[in-house]
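Have a look at the structure below, then the notes.
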Amino acid sequence: MPASLHSAPLRLPVLRSSSFRIIAMFAGCFLFTGITVTALSGYHSQRLLSQQTKRIVANERDEALSEAQGQDVTHLQSTVKELVLNEPGFYYLLQNAQEQVVVGNMFHLRPITGWRWLSWTHRTHPPDHHPVIGYGTALNDGGYFFVGIDATPLQSLRHDLWLTLAWSALMFLLIGLGGGFLLSRLVLGRIEVISQTARKIMRGDISQRLALNGTGDEFDHLAHSLNAMLDRNEILIASVRQISDDIAHDMRRPLARLGQNLDKAQTATTHDIQNTAITQAQNNLQDALEIFSSLLRLAQFEAGDRIPDRQTLVVADLFNTLAGLYQPVAQEQEQTLTILSPAQNLTLEGNRILLTQTLSNLIENAINHSPSGTVITLSARMQNNRIIITVSDNGPGIPAEDHERVFEKMVRLDTSRTVPGTGLGLSMVRAIVNLHGGSIRLADNHPGLRCEIILPTS
């Protein structure tokens with residue numbers, strides 16, 4: 001056995017496992033999606049607050065210009081002075097054409113028209129350093145008028161948005177990687193159990209099976225399928241061992257006789273004795289070849305998944321063929337073969353030669369293993385959209401405990417050892433019936449044996 005089967009298997013690192021990579025990719029997608037949703041939500045909130053703030057500033061500016069009844073320093077001076085006194089929540093600045101502060105509660109600003117963001121307010125009364133968002137207007141006489149409002153809420157929202165994005169990214173990353181690590185450990189744990197079980201089986205312990213955790217998940221489904229495969233393999237291995245034992249037992253006699261007859265032919269003193277010995281040796285060799293040929297055909301039937309030369313068959317035609325073949329044989333054995341002709345519309349799909357061989361084997365078994373005076377009956381009926389073909393007799397039958405055993409390869413009951421055969425006939429019958437999608441069962445006929453073949457209709 002290779003040394004690798006004896007050495008302890010190396011555990012797959014979690015970070016190199018496919019499950020971790022898959023979960024890491026999912027965590028990356030989850031991170032990207034979460035950050036995108038958070039960013040879009042924060043941007044939308046910031047945009048709404050910015051629009052609301054600008055709308056308040058624009059209304060205040062329009063009211064001031066409307067109240068002044070003119071867009072120049074002279075008309076606005078008194079209005080702005082009054083606003084500084086009565087509207088402490090706003091920021092006002094009125095400058096002349098020489099950029100000198102005429103009135104307001106702010107320091108000098110460069111005269112830039114449009115919306116402006118000031119990182120600090122330049123406020124003089126009362127002094128503060130809050131950020132300001134406002135709108136600057138160029139006056140007709142070259143002066144400059146600015147109205148603003150505290151932008152701290154907007155700045156705080158921006159700051160909170162970036163902070164939220166940073167923390168969200170960190171949390172998503174930690175949750176994704178941590179969850180991926182834990183889930184990968186769980187997955188690898190289950191895989192490791194499968195791997196260890198497989199190695200025990202490879203070392204020869206074919207009785208090992210995968211444990212089910214009872215959750216019905218994909219691992220339970222996989223374990224159930226693998227256990228079914230292992231059960232099937234164990235049955236096949238046991239069958240191979242049984243076949244080997246049976247071949248060794250059943251081949252011993254024809255090969256031993258073959259050797260004896262060859263020895264006789266070699267030491268024969270007359271030509272007639274030599275010819276007789278050679279003929280017997282040929283018969284012994286033919287028996288051995290028949291066993292191997294039957295085993296090969298049986299293996300082909302069991303491995304097949306398609307019926308060769310499939311066609312629609314009329315059951316009554318099959319029965320007529322069998323009647324012509326075996327009624328004379330039964331009469332020679334002082335037995336009676338009764339054929340109950342089925343209806344002409346009773347048909348099935350299959351291979352004519354294989355189905356004829358199947359029924360022939362059953363009839364031959366009944367003839368060969370029953371005494372004179374036995375009545376053998378072949379019949380067919382329809383039941384639940386299935387065709388049931390029955391071969392029954394009133395002979396000695398088979399013990400109930402051997403009804404399944406006789407279908408095994410190379411099995412011959414003690415009462416059948418004196419009857420010529422390979423012990424593969426019923427195994428061949430079951431293989432052909434299974435190939436046709438049917439089943440076969442034995443039952444007590446009180447007295448005798450009843451064999452029923454259940455096949456699908458055409």
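Within each chain, counting starts at residue 1; across the structure tokens, chains are named A, B, ... in the order shown, with ligands numbered 1 upward in that order.
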task = Could you give me, as a list in words, the residues within 6 Å of stretch 347-351 of chain A, counting only C-alpha atoms and dropping anything in the same chain fewer than 4 positions from it?
result = Asp309, Arg310, Gln311, Thr312, Leu313, Val314, Val315, Thr457 and Ser458 of chain A
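Using only C-alpha atoms, the protein and nucleic acid residues lying no more than 10 Å from stretch 39-51 of chain A, apart from those fewer than 3 places from it along its own chain, are Thr33, Gly34, Ile35, Thr36, Lys54, Arg55, Ile56, Val57, Ile133, Ala151, Pro153, Leu154, Gln155, Ser156, Leu157, Arg158, Asp160, Leu161, Trp162, Thr164 and Leu165 of chain A.
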ask   = A:Leu455, A:Asn320, A:Ala400, A:Thr270: which is nearest A:Ala443, counting only C-alpha atoms?
value =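 Selected residue with least distance to A:Ala443: A:Ala400.
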note = Closest of A:Gly259, A:Pro328, A:Gly104, A:Gly397 to A:Asn86, counting only C-alpha atoms, is A:Gly104
message = Please list as a list in words every residue within 6 Å of A:Ile388, counting only C-alpha atoms and excluding residues in the same chain fewer than 6 positions away.
response = Ala380, Arg381, Ile453 and Ile454 of chain A
key: Backbone-only DSSP, helix (DSSP H, G or I) members of stretch 12-183 of chain A, as a PyMOL selection string   = chain A and resi 14-16+18-68+73-86+152-183
ask   = Counting only C-alpha atoms, which of A:Gln335, A:Gln274, A:Gln52, A:Thr377 gets nearest to A:Arg450?
value = A:Thr377
Using backbone DSSP assignments, extract all strand (DSSP E or B) residues from stretch 14-153 of chain A; output them as a PDB file with N, CA and C atoms, in the first residue's frame.
```pdb
ATOM      1  N   PHE A  90     -28.511  85.277  10.951  1.00  0.00           N
ATOM      2  CA  PHE A  90     -27.941  85.395   9.613  1.00  0.00           C
ATOM      3  C   PHE A  90     -26.655  86.200   9.653  1.00  0.00           C
ATOM      4  N   TYR A  91     -25.893  86.130   8.564  1.00  0.00           N
ATOM      5  CA  TYR A  91     -24.645  86.858   8.420  1.00  0.00           C
ATOM      6  C   TYR A  91     -24.821  87.819   7.244  1.00  0.00           C
ATOM      7  N   TYR A  92     -24.522  89.128   7.500  1.00  0.00           N
ATOM      8  CA  TYR A  92     -24.726  90.160   6.470  1.00  0.00           C
ATOM      9  C   TYR A  92     -23.420  90.919   6.269  1.00  0.00           C
ATOM     10  N   LEU A  93     -23.187  91.299   5.017  1.00  0.00           N
ATOM     11  CA  LEU A  93     -22.026  92.129   4.700  1.00  0.00           C
ATOM     12  C   LEU A  93     -22.370  93.015   3.506  1.00  0.00           C
ATOM     13  N   LEU A  94     -22.201  94.333   3.719  1.00  0.00           N
ATOM     14  CA  LEU A  94     -22.423  95.298   2.632  1.00  0.00           C
ATOM     15  C   LEU A  94     -21.136  96.098   2.449  1.00  0.00           C
ATOM     16  N   GLN A  95     -20.515  95.985   1.239  1.00  0.00           N
ATOM     17  CA  GLN A  95     -19.284  96.688   0.923  1.00  0.00           C
ATOM     18  C   GLN A  95     -19.519  97.627  -0.249  1.00  0.00           C
ATOM     19  N   VAL A 101     -16.027  97.872   4.142  1.00  0.00           N
ATOM     20  CA  VAL A 101     -17.234  97.431   4.824  1.00  0.00           C
ATOM     21  C   VAL A 101     -18.050  98.658   5.229  1.00  0.00           C
ATOM     22  N   VAL A 102     -19.274  98.714   4.704  1.00  0.00           N
ATOM     23  CA  VAL A 102     -20.177  99.821   5.016  1.00  0.00           C
ATOM     24  C   VAL A 102     -21.000  99.471   6.249  1.00  0.00           C
ATOM     25  N   VAL A 103     -21.590  98.298   6.246  1.00  0.00           N
ATOM     26  CA  VAL A 103     -22.385  97.829   7.377  1.00  0.00           C
ATOM     27  C   VAL A 103     -22.448  96.301   7.316  1.00  0.00           C
ATOM     28  N   GLY A 104     -22.663  95.678   8.462  1.00  0.00           N
ATOM     29  CA  GLY A 104     -22.771  94.209   8.529  1.00  0.00           C
ATOM     30  C   GLY A 104     -22.143  93.669   9.787  1.00  0.00           C
ATOM     31  N   MET A 106     -19.790  91.111   9.566  1.00  0.00           N
ATOM     32  CA  MET A 106     -18.719  90.264   9.049  1.00  0.00           C
ATOM     33  C   MET A 106     -17.530  91.104   8.644  1.00  0.00           C
ATOM     34  N   GLY A 114     -22.336  84.795  -6.438  1.00  0.00           N
ATOM     35  CA  GLY A 114     -22.838  83.421  -6.418  1.00  0.00           C
ATOM     36  C   GLY A 114     -22.724  82.779  -5.048  1.00  0.00           C
ATOM     37  N   TRP A 115     -22.965  81.482  -5.062  1.00  0.00           N
ATOM     38  CA  TRP A 115     -22.932  80.746  -3.801  1.00  0.00           C
ATOM     39  C   TRP A 115     -21.491  80.562  -3.335  1.00  0.00           C
ATOM     40  N   ARG A 116     -21.327  80.739  -1.995  1.00  0.00           N
ATOM     41  CA  ARG A 116     -19.991  80.650  -1.415  1.00  0.00           C
ATOM     42  C   ARG A 116     -20.044  79.834  -0.126  1.00  0.00           C
ATOM     43  N   TRP A 117     -18.938  79.087   0.050  1.00  0.00           N
ATOM     44  CA  TRP A 117     -18.782  78.314   1.302  1.00  0.00           C
ATOM     45  C   TRP A 117     -17.578  78.876   2.025  1.00  0.00           C
ATOM     46  N   LEU A 118     -17.814  79.380   3.233  1.00  0.00           N
ATOM     47  CA  LEU A 118     -16.748  79.963   4.059  1.00  0.00           C
ATOM     48  C   LEU A 118     -16.440  78.997   5.191  1.00  0.00           C
ATOM     49  N   ARG A 123     -17.203  86.615  11.366  1.00  0.00           N
ATOM     50  CA  ARG A 123     -18.251  87.394  12.044  1.00  0.00           C
ATOM     51  C   ARG A 123     -17.630  88.290  13.111  1.00  0.00           C
ATOM     52  N   THR A 124     -18.146  89.519  13.165  1.00  0.00           N
ATOM     53  CA  THR A 124     -17.635  90.499  14.130  1.00  0.00           C
ATOM     54  C   THR A 124     -18.545  90.687  15.326  1.00  0.00           C
ATOM     55  N   PRO A 127     -18.774  87.665  17.813  1.00  0.00           N
ATOM     56  CA  PRO A 127     -17.705  86.946  17.098  1.00  0.00           C
ATOM     57  C   PRO A 127     -17.886  85.425  17.212  1.00  0.00           C
ATOM     58  N   ASP A 128     -17.676  84.714  16.119  1.00  0.00           N
ATOM     59  CA  ASP A 128     -17.679  83.237  16.130  1.00  0.00           C
ATOM     60  C   ASP A 128     -16.847  82.753  14.952  1.00  0.00           C
ATOM     61  N   VAL A 132     -19.877  79.021   7.122  1.00  0.00           N
ATOM     62  CA  VAL A 132     -21.033  79.758   6.594  1.00  0.00           C
ATOM     63  C   VAL A 132     -21.248  79.370   5.133  1.00  0.00           C
ATOM     64  N   ILE A 133     -22.493  79.237   4.746  1.00  0.00           N
ATOM     65  CA  ILE A 133     -22.869  79.106   3.344  1.00  0.00           C
ATOM     66  C   ILE A 133     -23.754  80.308   3.004  1.00  0.00           C
ATOM     67  N   GLY A 134     -23.415  81.024   1.931  1.00  0.00           N
ATOM     68  CA  GLY A 134     -24.163  82.235   1.604  1.00  0.00           C
ATOM     69  C   GLY A 134     -24.099  82.557   0.125  1.00  0.00           C
ATOM     70  N   TYR A 135     -24.705  83.692  -0.214  1.00  0.00           N
ATOM     71  CA  TYR A 135     -24.779  84.099  -1.619  1.00  0.00           C
ATOM     72  C   TYR A 135     -24.337  85.556  -1.725  1.00  0.00           C
ATOM     73  N   GLY A 136     -23.393  85.800  -2.648  1.00  0.00           N
ATOM     74  CA  GLY A 136     -22.906  87.156  -2.866  1.00  0.00           C
ATOM     75  C   GLY A 136     -23.525  87.770  -4.111  1.00  0.00           C
ATOM     76  N   THR A 137     -23.897  89.066  -3.990  1.00  0.00           N
ATOM     77  CA  THR A 137     -24.554  89.765  -5.100  1.00  0.00           C
ATOM     78  C   THR A 137     -23.780  91.032  -5.430  1.00  0.00           C
ATOM     79  N   ALA A 138     -23.430  91.206  -6.705  1.00  0.00           N
ATOM     80  CA  ALA A 138     -22.780  92.449  -7.148  1.00  0.00           C
ATOM     81  C   ALA A 138     -23.848  93.523  -7.350  1.00  0.00           C
ATOM     82  N   TYR A 144     -21.020  95.427  -3.034  1.00  0.00           N
ATOM     83  CA  TYR A 144     -21.145  93.977  -2.885  1.00  0.00           C
ATOM     84  C   TYR A 144     -21.993  93.674  -1.663  1.00  0.00           C
ATOM     85  N   PHE A 145     -22.988  92.782  -1.851  1.00  0.00           N
ATOM     86  CA  PHE A 145     -23.902  92.425  -0.766  1.00  0.00           C
ATOM     87  C   PHE A 145     -23.871  90.902  -0.581  1.00  0.00           C
ATOM     88  N   PHE A 146     -23.633  90.444   0.663  1.00  0.00           N
ATOM     89  CA  PHE A 146     -23.516  89.016   0.971  1.00  0.00           C
ATOM     90  C   PHE A 146     -24.465  88.673   2.112  1.00  0.00           C
ATOM     91  N   VAL A 147     -25.234  87.596   1.925  1.00  0.00           N
ATOM     92  CA  VAL A 147     -26.123  87.073   2.964  1.00  0.00           C
ATOM     93  C   VAL A 147     -25.761  85.599   3.175  1.00  0.00           C
ATOM     94  N   GLY A 148     -25.551  85.198   4.423  1.00  0.00           N
ATOM     95  CA  GLY A 148     -25.199  83.814   4.715  1.00  0.00           C
ATOM     96  C   GLY A 148     -25.889  83.290   5.954  1.00  0.00           C
ATOM     97  N   ILE A 149     -25.692  81.997   6.196  1.00  0.00           N
ATOM     98  CA  ILE A 149     -26.282  81.340   7.361  1.00  0.00           C
ATOM     99  C   ILE A 149     -25.301  80.305   7.880  1.00  0.00           C
ATOM    100  N   ASP A 150     -25.420  79.984   9.155  1.00  0.00           N
ATOM    101  CA  ASP A 150     -24.523  79.009   9.785  1.00  0.00           C
ATOM    102  C   ASP A 150     -24.611  77.656   9.061  1.00  0.00           C
TER     103      ASP A 150
END
```
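If you look at atom CA of A:His436 and atom CA of A:Asp287, they are 28.9 Å away from each other.
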